[in-house]
Amino acid sequence: SGLIHSELPEQEEGLMEGFQLWVNLPAKNKMIAPFYRDIPREAIPEFRTPEGVTVRVIAGVSHCTAGAVQRPDTEPLYLDLHLPAGTRFEQAIPAGHNAFLYTYRGEVSVAGKAVADRFMAILANDGADGTVIEAAQDARVILVAGAPLNEPIAQYGPFVMNTTAEIQQTLQDYRDGLFETGEVQSL
């Protein structure tokens with residue numbers, strides 16, 4: 001139903017790095033009370049595989065480790081993977097979920113195809129139940145997956161609804177000052 005917010009990331013040595021993912025809600029939940037939740041680094045569950053891959057579980061579940069965010073409608077998976085050279089990581093992804101990965105340091109290989117530094121790969125939604133990521137060099141990757149809503153999408157700027165009429169109403173609500181200026185929930 002609308003929330004106005006602003007993030008102010010901090011630079012370190014003149015550099016800033018960050019990722020933000022917004023998850024669409026099903027039409028039946030679009031008008032629930034809005035909220036924003038900041039998740040500090042120390043509140044993100046993390047584990048290390050026997051091969052030495054560090055897995056930060058931001059959302060969903062990976063290898064029995066539940067992430068900081070759980071959402072029943074879209075079942076998002078959001079992993080930050082730190083792969084040392086010569087390692088591989090396998091992740092189950094339910095058949096039918098959409099998935100992508102973004103390599104933000106180094107290069108990885110998925111299904112025999114290279115994904116270069118700072119490139120995204122959209123994974124096949126072909127009924128397979130997972131993916132394997134291999135790193136010949138040190139690499140860091142964001143892996144994201146979720147259940148598709150299979151609903152129409154109408155989008156304008158930062159607004160996402162299901163119809164053009166809903167977008168027009170959202171814009172009017174914004175102009176009329178009806179959005180909340182969010183309370184931030186911190187963990």
# chains A, B, ... in the order shown; residues from 1 in each chain; ligands from 1
>>> select_by_dssp(residues="stretch 77-144 of chain A", states="strand (DSSP E)", output="ChimeraX atom specification")
/A:77-83,87-92,98-105,108-110,113-115,119-123,130-135,139-144
>>> residues_around(residues="A:Gln70", least_positions_apart="3", cutoff="12 Å", atoms="only C-alpha atoms", output="ChimeraX atom specification")
/A:23,57-61,65-67,73-78,146
>>> closest_residue(among="A:Tyr36, A:Leu79, A:Gln20, A:Leu15", to="A:Gly2", atoms="only C-alpha atoms")
A:Tyr36
>>> select_by_dssp(residues="stretch 7-159 of chain A", states="helix (DSSP H, G or I)", output="list in words")
Ala27, Lys28, Asn29, Arg41, Glu42 and Ala43 of chain A
>>> closest_residue(among="A:Ile167, A:Ala124, A:Ile44, A:Ala154", to="A:Pro94", atoms="only C-alpha atoms")
A:Ala124
>>> closest_residue(among="A:Gly157, A:Gly130, A:Pro26, A:Pro152", to="A:Glu90", atoms="only C-alpha atoms")
A:Gly130
>>> closest_residue(among="A:His97, A:Arg118, A:Arg140, A:Arg88", to="A:Glu51", atoms="only C-alpha atoms")
A:Arg88
